[in-house]
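A.B. asks: Structure: entry-v6.cif, mmCIF, C-alpha atoms.
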data_my_file
#
loop_
_atom_site.label_atom_id
_atom_site.label_comp_id
_atom_site.auth_asym_id
_atom_site.auth_seq_id
_atom_site.Cartn_x
_atom_site.Cartn_y
_atom_site.Cartn_z
CA MET A 1 96.81 57.23 32.37
CA GLY A 2 98.66 57.34 35.71
CA LEU A 3 98.03 54.92 38.54
CA ARG A 4 96.27 56.10 41.68
CA PHE A 5 98.20 55.53 44.91
CA ASP A 6 95.51 53.21 46.25
CA GLN A 7 96.13 50.95 43.26
CA LEU A 8 99.69 50.49 44.54
CA SER A 9 98.68 49.40 48.04
CA ARG A 10 98.98 45.63 47.74
CA GLU A 11 102.64 45.53 48.82
CA SER A 12 101.61 46.16 52.42
CA ARG A 13 98.18 47.19 53.60
CA VAL A 14 95.77 47.18 56.51
CA GLU A 15 92.28 45.89 55.81
CA ILE A 16 89.39 47.23 57.90
CA SER A 17 86.22 45.14 58.09
CA ARG A 18 83.15 47.35 57.87
CA SER A 19 80.84 44.58 59.11
CA ALA A 20 83.03 43.75 62.13
CA LEU A 21 83.28 47.38 63.21
CA ILE A 22 79.53 47.92 62.97
CA HIS A 23 78.91 44.62 64.76
CA ASN A 24 81.11 45.65 67.70
CA LEU A 25 79.44 49.04 68.00
CA ARG A 26 75.92 47.63 67.88
CA THR A 27 76.88 44.89 70.33
CA ILE A 28 77.97 47.41 72.96
CA ARG A 29 74.91 49.54 72.23
CA ALA A 30 72.73 46.53 73.02
CA ILE A 31 74.65 46.04 76.27
CA VAL A 32 74.51 49.63 77.54
CA GLY A 33 71.06 50.49 76.15
CA GLU A 34 69.81 53.27 73.91
CA LYS A 35 69.76 55.86 76.73
CA VAL A 36 73.55 55.73 77.11
CA ASP A 37 75.54 57.70 74.55
CA ILE A 38 78.70 56.32 72.96
CA SER A 39 81.93 58.18 72.43
CA ALA A 40 83.93 56.25 69.84
CA VAL A 41 87.57 56.63 70.86
CA VAL A 42 89.60 57.08 67.68
CA LYS A 43 92.87 58.40 69.10
CA ALA A 44 96.19 56.98 67.86
CA CYS A 45 94.99 56.69 64.26
CA ALA A 46 91.87 54.91 65.53
CA TYR A 47 94.10 52.43 67.39
CA GLY A 48 95.97 51.89 64.13
CA HIS A 49 92.85 51.29 62.06
CA GLY A 50 92.81 54.65 60.24
CA TYR A 51 91.04 57.89 61.16
CA GLY A 52 89.16 58.39 57.91
CA GLN A 53 88.17 54.78 57.42
CA VAL A 54 86.74 54.33 60.92
CA VAL A 55 84.87 57.65 60.84
CA GLU A 56 83.43 56.87 57.42
CA ILE A 57 81.99 53.62 58.75
CA LEU A 58 80.73 55.00 62.08
CA LYS A 59 79.28 58.38 61.05
CA PRO A 60 75.82 56.94 60.24
CA GLU A 61 75.73 55.05 63.56
CA GLY A 62 74.73 57.89 65.89
CA ILE A 63 78.04 58.50 67.67
CA ARG A 64 77.81 61.26 70.32
CA PHE A 65 81.52 62.16 70.14
CA PHE A 66 84.63 60.98 68.39
CA GLY A 67 87.28 60.94 71.10
CA VAL A 68 90.85 61.99 70.21
CA HIS A 69 93.89 62.74 72.33
CA SER A 70 95.14 66.01 70.85
CA ILE A 71 94.15 68.98 68.76
CA ASP A 72 96.38 67.65 65.96
CA GLU A 73 94.33 64.47 65.88
CA ALA A 74 91.11 66.50 65.89
CA ALA A 75 92.33 68.50 62.89
CA ALA A 76 93.27 65.30 61.04
CA LEU A 77 89.93 63.71 61.85
CA VAL A 78 87.71 66.51 60.54
CA GLN A 79 89.40 66.88 57.16
CA GLY A 80 86.51 66.92 54.72
CA ASP A 81 83.83 67.08 57.45
CA SER A 82 84.00 69.97 59.88
CA SER A 83 80.69 68.93 61.45
CA LEU A 84 82.11 65.88 63.26
CA PRO A 85 81.46 66.03 67.03
CA ILE A 86 84.91 66.00 68.64
CA LEU A 87 85.90 65.42 72.26
CA ILE A 88 89.59 66.08 72.90
CA LEU A 89 90.67 63.85 75.78
CA GLY A 90 94.20 65.19 76.30
CA TYR A 91 95.86 68.53 76.95
CA VAL A 92 95.37 71.44 74.55
CA PRO A 93 98.11 74.12 74.73
CA PHE A 94 96.99 77.70 75.31
CA GLU A 95 97.95 78.75 71.77
CA HIS A 96 95.44 76.29 70.27
CA LEU A 97 92.48 76.83 72.61
CA GLU A 98 90.92 79.57 70.48
CA TYR A 99 91.13 77.37 67.39
CA ALA A 100 89.28 74.60 69.26
CA VAL A 101 86.61 76.95 70.66
CA GLU A 102 85.92 78.38 67.22
CA ARG A 103 85.22 74.87 65.95
CA ASP A 104 83.03 73.93 68.89
CA TRP A 105 85.28 71.03 69.86
CA ARG A 106 84.72 69.76 73.37
CA LEU A 107 87.72 70.11 75.67
CA THR A 108 88.82 67.95 78.57
CA VAL A 109 89.98 70.33 81.30
CA PHE A 110 92.03 69.60 84.43
CA ASN A 111 94.13 72.77 84.92
CA MET A 112 92.88 75.98 86.50
CA GLU A 113 95.03 77.95 84.06
CA THR A 114 93.11 76.47 81.14
CA VAL A 115 89.83 77.65 82.67
CA GLY A 116 91.21 81.18 82.95
CA LYS A 117 92.43 81.17 79.36
CA LEU A 118 89.09 79.86 78.10
CA ALA A 119 87.23 82.56 80.05
CA GLU A 120 89.34 85.21 78.31
CA ILE A 121 88.85 83.67 74.86
CA THR A 122 85.11 83.21 75.18
CA ARG A 123 84.61 86.79 76.37
CA ARG A 124 86.53 88.09 73.38
CA LEU A 125 84.78 85.83 70.87
CA ASN A 126 81.39 86.12 72.58
CA ARG A 127 80.78 82.40 72.24
CA ASN A 128 80.68 79.38 74.54
CA ALA A 129 83.35 76.80 75.24
CA TYR A 130 82.06 73.39 76.36
CA VAL A 131 84.33 71.56 78.76
CA HIS A 132 84.49 68.12 80.34
CA LEU A 133 86.21 68.24 83.72
CA LYS A 134 88.54 65.29 84.31
CA LEU A 135 88.33 64.21 87.95
CA GLU A 136 91.22 62.52 89.73
CA THR A 137 90.05 59.38 91.53
CA GLY A 138 93.21 57.30 91.88
CA THR A 139 95.01 56.98 88.55
CA ASN A 140 97.13 60.09 89.16
CA ARG A 141 97.49 61.03 85.54
CA GLN A 142 95.68 64.14 84.33
CA GLY A 143 92.80 65.10 86.63
CA ILE A 144 91.41 67.43 89.31
CA ARG A 145 91.89 66.26 92.87
CA GLN A 146 88.86 66.40 95.15
CA SER A 147 90.56 68.97 97.37
CA ASP A 148 90.86 71.34 94.40
CA LEU A 149 87.40 70.80 92.92
CA GLN A 150 85.57 73.53 94.81
CA GLY A 151 88.11 76.06 93.53
CA PHE A 152 87.45 74.99 89.95
CA ILE A 153 83.73 75.30 90.47
CA SER A 154 84.09 78.80 91.94
CA VAL A 155 86.15 79.99 88.97
CA LEU A 156 83.82 78.36 86.45
CA GLU A 157 80.77 79.97 88.04
CA LYS A 158 82.35 83.35 87.26
CA SER A 159 83.21 82.31 83.68
CA ARG A 160 79.81 82.71 82.08
CA ASN A 161 80.74 81.33 78.64
CA VAL A 162 82.71 78.31 79.86
CA ILE A 163 80.05 75.62 80.15
CA ILE A 164 80.51 72.40 82.11
CA GLU A 165 79.04 69.87 79.70
CA GLY A 166 80.55 66.77 81.27
CA VAL A 167 82.70 65.25 83.99
CA SER A 168 84.82 62.15 83.61
CA MET A 169 87.37 59.90 85.30
CA HIS A 170 89.72 57.12 84.24
CA PHE A 171 90.00 53.69 85.85
CA ALA A 172 93.48 52.63 86.95
CA ASN A 173 92.99 48.90 87.47
CA ILE A 174 89.86 47.58 85.83
CA GLU A 175 91.53 45.69 82.96
CA ASP A 176 94.54 43.94 84.45
CA THR A 177 92.84 42.09 87.29
CA THR A 178 89.80 40.07 88.23
CA ASP A 179 89.77 41.88 91.60
CA HIS A 180 87.85 45.08 90.94
CA SER A 181 87.96 46.53 94.44
CA PHE A 182 90.20 49.44 93.37
CA ALA A 183 87.77 50.30 90.58
CA LYS A 184 84.93 50.26 93.14
CA MET A 185 86.92 52.65 95.32
CA GLN A 186 87.39 54.98 92.33
CA LEU A 187 83.67 54.92 91.60
CA ASP A 188 82.96 55.85 95.22
CA CYS A 189 85.39 58.75 94.93
CA PHE A 190 83.71 59.85 91.70
CA ALA A 191 80.32 59.77 93.45
CA ASN A 192 81.67 61.94 96.26
CA MET A 193 82.91 64.49 93.75
CA LEU A 194 79.57 64.47 91.94
CA ASN A 195 77.98 65.38 95.26
CA ILE A 196 80.13 68.51 95.36
CA PHE A 197 78.62 69.61 92.05
CA GLU A 198 75.13 68.78 93.29
CA ASN A 199 75.65 70.76 96.50
CA ALA A 200 76.77 73.71 94.38
CA GLY A 201 73.54 73.47 92.36
CA ILE A 202 75.34 72.39 89.17
CA THR A 203 73.72 69.81 86.91
CA ILE A 204 76.12 67.73 84.82
CA PRO A 205 74.58 66.67 81.49
CA ILE A 206 77.18 64.02 80.62
CA ARG A 207 78.88 61.85 83.24
CA HIS A 208 81.32 59.35 81.76
CA THR A 209 83.70 56.90 83.38
CA ALA A 210 83.54 53.69 81.36
CA SER A 211 86.36 52.42 79.18
CA SER A 212 85.88 49.29 77.07
CA ALA A 213 86.48 46.98 80.03
CA ALA A 214 84.11 48.89 82.30
CA SER A 215 81.48 49.09 79.55
CA LEU A 216 81.54 45.32 79.09
CA LEU A 217 81.68 44.36 82.77
CA PHE A 218 79.90 46.89 84.97
CA LYS A 219 76.56 48.57 84.30
CA SER A 220 77.20 50.88 87.26
CA THR A 221 79.93 52.62 85.27
CA HIS A 222 77.81 53.52 82.23
CA PHE A 223 76.20 56.74 83.52
CA ASP A 224 75.28 59.02 80.56
CA MET A 225 78.00 57.99 78.12
CA ILE A 226 80.72 55.39 77.64
CA ARG A 227 84.09 55.85 75.96
CA PHE A 228 84.45 52.76 73.81
CA GLY A 229 88.01 52.25 72.64
CA ILE A 230 89.95 49.02 72.12
CA SER A 231 86.89 46.75 72.04
CA LEU A 232 85.29 48.87 69.33
CA TYR A 233 87.98 47.30 67.17
CA GLY A 234 87.16 43.76 68.28
CA LEU A 235 89.99 43.33 70.78
CA TRP A 236 89.59 42.47 74.46
CA PRO A 237 91.28 44.96 76.81
CA SER A 238 93.04 42.09 78.58
CA LYS A 239 92.83 38.38 79.29
CA GLU A 240 91.48 39.25 82.73
CA THR A 241 88.63 41.28 81.20
CA TYR A 242 87.82 38.38 78.89
CA LEU A 243 87.80 35.94 81.81
CA SER A 244 85.68 38.25 83.96
CA TYR A 245 83.16 38.54 81.15
CA LEU A 246 83.04 34.79 80.53
CA LEU A 247 82.39 34.06 84.20
CA SER A 248 78.94 35.63 83.85
CA ASN A 249 78.36 35.45 80.09
CA PRO A 250 78.80 32.28 78.01
CA ASP A 251 79.15 34.15 74.68
CA ASN A 252 82.83 34.08 73.71
CA SER A 253 82.18 35.46 70.21
CA LEU A 254 81.00 38.85 71.43
CA LEU A 255 83.65 40.86 69.58
CA ARG A 256 84.95 40.57 66.03
CA PRO A 257 88.50 41.75 65.17
CA VAL A 258 88.30 44.57 62.65
CA LEU A 259 91.89 44.74 61.40
CA SER A 260 93.92 42.47 59.14
CA TRP A 261 97.51 43.31 58.17
CA LYS A 262 98.80 41.89 54.92
CA SER A 263 101.72 42.10 52.51
CA ILE A 264 103.25 40.06 49.69
CA VAL A 265 106.31 37.93 49.02
CA SER A 266 108.91 40.13 47.31
CA GLN A 267 111.57 37.46 46.71
CA ILE A 268 112.11 33.72 47.15
CA LYS A 269 115.62 32.31 47.28
CA ASP A 270 117.24 28.94 47.90
CA VAL A 271 119.65 29.03 50.82
CA PRO A 272 122.03 26.08 51.38
CA ALA A 273 122.43 24.45 54.78
CA GLY A 274 124.85 26.20 57.10
CA GLU A 275 124.32 29.77 55.81
CA TYR A 276 123.22 32.75 57.92
CA ILE A 277 120.11 34.86 57.45
CA GLY A 278 119.87 38.55 58.26
CA TYR A 279 121.77 40.97 60.47
CA GLY A 280 123.90 39.70 63.31
CA CYS A 281 123.98 36.12 61.99
CA THR A 282 121.27 35.20 64.52
CA TYR A 283 119.84 32.34 62.45
CA ARG A 284 121.73 29.64 60.59
CA THR A 285 120.02 27.14 58.31
CA THR A 286 120.38 23.50 59.33
CA THR A 287 119.10 22.14 56.00
CA ASP A 288 118.76 23.42 52.46
CA SER A 289 115.98 26.00 52.77
CA ARG A 290 113.62 28.22 50.75
CA ILE A 291 113.52 31.71 52.23
CA ALA A 292 110.87 34.31 51.37
CA VAL A 293 111.50 38.03 51.79
CA ILE A 294 108.60 40.20 53.04
CA PRO A 295 108.70 44.00 52.40
CA VAL A 296 107.67 44.96 55.95
CA GLY A 297 109.87 45.92 58.90
CA TYR A 298 110.02 47.60 62.27
CA PHE A 299 109.46 51.00 60.64
CA ASP A 300 106.05 49.64 59.64
CA GLY A 301 105.37 48.44 63.18
CA TYR A 302 106.45 44.82 62.82
CA ASP A 303 108.44 44.69 66.05
CA ARG A 304 112.11 43.70 66.01
CA LYS A 305 111.44 41.43 68.99
CA LEU A 306 109.51 39.16 66.61
CA SER A 307 112.85 38.09 65.14
CA ASN A 308 113.29 34.29 65.06
CA LEU A 309 110.03 33.97 67.00
CA ALA A 310 106.89 34.92 65.07
CA HIS A 311 105.06 33.31 62.17
CA VAL A 312 103.19 34.69 59.17
CA LEU A 313 100.63 32.96 56.99
CA ILE A 314 101.35 32.05 53.38
CA ARG A 315 99.02 29.79 51.39
CA GLY A 316 97.20 28.95 54.61
CA LYS A 317 100.32 27.69 56.38
CA ARG A 318 102.53 29.17 59.09
CA ALA A 319 105.93 30.37 57.94
CA PRO A 320 108.39 31.13 60.77
CA VAL A 321 110.42 34.34 60.84
CA ARG A 322 114.12 33.69 60.27
CA GLY A 323 116.80 36.16 61.27
CA ARG A 324 116.32 39.67 62.58
CA VAL A 325 113.43 41.85 61.52
CA CYS A 326 115.00 44.75 59.59
CA MET A 327 113.80 48.33 59.21
CA ASP A 328 111.84 47.61 56.02
CA ILE A 329 111.96 43.84 55.43
CA PHE A 330 112.03 40.48 57.19
CA MET A 331 112.50 36.90 56.10
CA VAL A 332 110.50 33.72 56.63
CA ASP A 333 111.10 30.04 55.94
CA VAL A 334 108.81 28.57 53.23
CA THR A 335 110.70 25.30 52.74
CA HIS A 336 107.55 23.42 53.79
CA ILE A 337 105.39 25.49 51.41
CA PRO A 338 106.76 24.36 48.04
CA ASP A 339 104.00 26.08 46.05
CA ALA A 340 104.77 29.52 47.50
CA ILE A 341 105.57 31.98 44.72
CA LEU A 342 106.53 35.63 44.20
CA GLU A 343 103.78 38.09 45.27
CA ASP A 344 101.82 35.50 47.26
CA GLU A 345 99.70 37.10 49.96
CA VAL A 346 101.34 37.25 53.40
CA VAL A 347 99.22 37.70 56.53
CA MET A 348 100.87 39.21 59.62
CA ILE A 349 97.56 39.72 61.48
CA GLY A 350 94.38 38.01 60.35
CA GLU A 351 93.13 34.77 58.86
CA GLN A 352 94.15 32.70 55.87
CA GLY A 353 92.66 29.29 55.21
CA HIS A 354 92.15 27.57 58.56
CA GLU A 355 94.96 29.48 60.28
CA LYS A 356 94.83 32.74 62.21
CA ILE A 357 97.38 35.09 63.76
CA SER A 358 95.87 37.66 66.13
CA ALA A 359 97.13 40.94 67.52
CA ASP A 360 97.06 39.21 70.91
CA GLN A 361 99.41 36.52 69.60
CA LEU A 362 101.89 39.14 68.39
CA ALA A 363 101.56 40.93 71.73
CA ASP A 364 102.40 37.70 73.59
CA TRP A 365 105.47 37.14 71.39
CA VAL A 366 106.69 40.70 71.94
CA GLY A 367 105.75 40.91 75.62
CA THR A 368 103.29 43.77 75.34
CA ILE A 369 99.55 44.40 74.87
CA ASN A 370 97.35 44.27 71.79
CA TYR A 371 96.82 48.06 72.01
CA GLU A 372 100.50 48.63 71.21
CA ILE A 373 100.59 46.13 68.36
CA VAL A 374 97.77 47.71 66.35
CA SER A 375 98.38 51.36 67.24
CA ARG A 376 102.03 51.16 66.14
CA ILE A 377 101.25 50.01 62.59
CA ASN A 378 102.71 52.77 60.45
CA PRO A 379 100.00 55.37 59.62
CA LEU A 380 101.54 55.73 56.14
CA LEU A 381 100.44 52.21 55.21
CA PRO A 382 97.17 52.22 53.23
CA ARG A 383 94.00 51.40 55.17
CA VAL A 384 91.44 49.72 52.93
CA ILE A 385 87.81 49.14 53.95
CA VAL A 386 86.61 45.66 53.05
CA GLU A 387 82.99 44.59 53.14
#
Let's see the structure in the file written out as structure tokens.
C.D. replies:
Amino acid sequence: MGLRFDQLSRESRVEISRSALIHNLRTIRAIVGEKVDISAVVKACAYGHGYGQVVEILKPEGIRFFGVHSIDEAAALVQGDSSLPILILGYVPFEHLEYAVERDWRLTVFNMETVGKLAEITRRLNRNAYVHLKLETGTNRQGIRQSDLQGFISVLEKSRNVIIEGVSMHFANIEDTTDHSFAKMQLDCFANMLNIFENAGITIPIRHTASSAASLLFKSTHFDMIRFGISLYGLWPSKETYLSYLLSNPDNSLLRPVLSWKSIVSQIKDVPAGEYIGYGCTYRTTTDSRIAVIPVGYFDGYDRKLSNLAHVLIRGKRAPVRGRVCMDIFMVDVTHIPDAILEDEVVMIGEQGHEKISADQLADWVGTINYEIVSRINPLLPRVIVE
């Protein structure tokens, strides 16, 4: 009898905690209240956590939409379940609009040309397309400027089958600061643009502005729906968001990290003092050392900048990275862990014994943000749901 692929996943795997994910969702639901819908943002392979695994856990939880960036992500997400409610947050090329309309996927729209193409498609198919207009309030990414909004409304009023289901905006500076004056300005701009719809006699069923940071910090941003992304996975959007929350809320255990990233020891070797480890001869042993080889590298998302800097956990102890991280492997020093053996569990992100290495710690070492650490874990690595 042949082995299933998931039986071969111990070499390197990502573990997804069902209980932590549900806890985070229900925590934010308690904060925003039952009248506010939740769009679970699952773009970028569910921030590295796995499309299928996250959807499997969240489907019974009453999610209004699963938010993805592209039509390719939408197609990947609905494999096996075409009934999933999808909101595409990014641009959909003209050639794929009909495919999306046929599947009743919600489209974020910010180009007049897209409105015209949708009007043509819906007339031909004799069915509706439901759109969420992205309003530009100060981020200057994708969005409709206030000066152009009346033109959009005029065209949409003539496009009988293109239905405005929602309007949204994106905060530019709500995570990286404790001064939220720019976010307040953006909210005021959003309110002004909502007035344009109201004056035109258009009712908007779903108004949504709130990212994870806004959802956690400001009730005024919740409107009809929130888009809960990074904090759904138990990670704070930034240290500033965490501090802002703690200033008015004493609970510092609000969120539970969902992801652990693990591998095994694939070799242990004795290396005499004075020898080099890895490419470029960047590390030289100063004493006789035991070096463990880990079958993970920068192709898997373990950043090369972690070379000679990071630690992993083996047998509940920290083992420092020695030499450069390679494409598929890296090395750590286990001299101080004499009982380490071949195929011992290695934790890159997560807990082992009394020790813990977080995505935030890796982000600090690399000089980036926790979003990038988790979302860059290779999608080919198995994602395993743990209870």
A.B. asks: Counting all atoms listed in the file, what is within 7 Å of A:Phe330, bar same-chain residues fewer than 4 positions away, as a list of chain:residue names?
C.D. replies: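 Contacts, with the query itself left out: A:Val293, A:Ile294, A:Pro295, A:Val296, A:Gly297, A:Arg324, A:Val325, A:Cys326.
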A.B. asks: What are the centre and edge lengths in Å, to one decimal, of the axis-aligned box around all listed atoms of stretch 105-111 of chain A with 5 Å added on each side, as JSON?
C.D. replies:
{"center_x": 89.4, "center_y": 70.4, "center_z": 77.4, "size_x": 19.4, "size_y": 14.8, "size_z": 25.1}
A.B. asks: I'd like the residues picked by the PyMOL selection byres ((chain A and resi 171-185) around 10) written out as a ChimeraX atom specification, using the chain letters and numbers from the file.
C.D. replies: /A:136-141,169-170,186-191,209-214,217,220-221,236-245
A.B. asks: Based on the selection just made, write C-alpha atoms of those residues as a PDB file, in the coordinates of the input.
C.D. replies:
ATOM      1  CA  GLU A 136      91.220  62.520  89.730  1.00  0.00           C
ATOM      2  CA  THR A 137      90.050  59.380  91.530  1.00  0.00           C
ATOM      3  CA  GLY A 138      93.210  57.300  91.880  1.00  0.00           C
ATOM      4  CA  THR A 139      95.010  56.980  88.550  1.00  0.00           C
ATOM      5  CA  ASN A 140      97.130  60.090  89.160  1.00  0.00           C
ATOM      6  CA  ARG A 141      97.490  61.030  85.540  1.00  0.00           C
ATOM      7  CA  MET A 169      87.370  59.900  85.300  1.00  0.00           C
ATOM      8  CA  HIS A 170      89.720  57.120  84.240  1.00  0.00           C
ATOM      9  CA  GLN A 186      87.390  54.980  92.330  1.00  0.00           C
ATOM     10  CA  LEU A 187      83.670  54.920  91.600  1.00  0.00           C
ATOM     11  CA  ASP A 188      82.960  55.850  95.220  1.00  0.00           C
ATOM     12  CA  CYS A 189      85.390  58.750  94.930  1.00  0.00           C
ATOM     13  CA  PHE A 190      83.710  59.850  91.700  1.00  0.00           C
ATOM     14  CA  ALA A 191      80.320  59.770  93.450  1.00  0.00           C
ATOM     15  CA  THR A 209      83.700  56.900  83.380  1.00  0.00           C
ATOM     16  CA  ALA A 210      83.540  53.690  81.360  1.00  0.00           C
ATOM     17  CA  SER A 211      86.360  52.420  79.180  1.00  0.00           C
ATOM     18  CA  SER A 212      85.880  49.290  77.070  1.00  0.00           C
ATOM     19  CA  ALA A 213      86.480  46.980  80.030  1.00  0.00           C
ATOM     20  CA  ALA A 214      84.110  48.890  82.300  1.00  0.00           C
ATOM     21  CA  LEU A 217      81.680  44.360  82.770  1.00  0.00           C
ATOM     22  CA  SER A 220      77.200  50.880  87.260  1.00  0.00           C
ATOM     23  CA  THR A 221      79.930  52.620  85.270  1.00  0.00           C
ATOM     24  CA  TRP A 236      89.590  42.470  74.460  1.00  0.00           C
ATOM     25  CA  PRO A 237      91.280  44.960  76.810  1.00  0.00           C
ATOM     26  CA  SER A 238      93.040  42.090  78.580  1.00  0.00           C
ATOM     27  CA  LYS A 239      92.830  38.380  79.290  1.00  0.00           C
ATOM     28  CA  GLU A 240      91.480  39.250  82.730  1.00  0.00           C
ATOM     29  CA  THR A 241      88.630  41.280  81.200  1.00  0.00           C
ATOM     30  CA  TYR A 242      87.820  38.380  78.890  1.00  0.00           C
ATOM     31  CA  LEU A 243      87.800  35.940  81.810  1.00  0.00           C
ATOM     32  CA  SER A 244      85.680  38.250  83.960  1.00  0.00           C
ATOM     33  CA  TYR A 245      83.160  38.540  81.150  1.00  0.00           C
TER      34      TYR A 245
END
A.B. asks: Using all atoms listed in the file, find the one residue out of A:Met331, A:Val131, A:Leu118, A:Leu235 that sits nearest to A:Tyr279.
C.D. replies: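 Checking each of A:Met331, A:Val131, A:Leu118, A:Leu235 against A:Tyr279, counting all atoms listed in the file, the winner is A:Met331.
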A.B. asks: The PyMOL selection byres ((chain A and resi 31) around 12) - which residues does that actually catch in the file I just gave you? List them as a list of chain:residue names.
C.D. replies: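 Evaluating the PyMOL selection byres ((chain A and resi 31) around 12) on this file yields A:Asn24, A:Leu25, A:Arg26, A:Thr27, A:Ile28, A:Arg29, A:Ala30, A:Val32, A:Gly33, A:Glu34, A:Lys35, A:Val36, A:Asp37, A:Ile38, A:Ser212, A:Ala214, A:Ser215, A:Leu216, A:Leu217, A:Phe218, A:Lys219, A:His222, A:Ile226, A:Asn249, A:Leu254.
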A.B. asks: What do you get, as a list of chain:residue names, if you spell out every residue that the PyMOL selection byres ((chain A and resi 335) around 8) selects here?
C.D. replies: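 Applied to this file, the PyMOL selection byres ((chain A and resi 335) around 8) selects A:Ser289, A:Arg290, A:Ile291, A:Asp333, A:Val334, A:His336, A:Ile337, A:Pro338.
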A.B. asks: Do a neighbour search on A:Pro257 at 8 Å with only C-alpha atoms, toss out local chain neighbours closer than 3 positions, and write the hits as a PyMOL selection string.
C.D. replies: chain A and resi 20-21+233-235
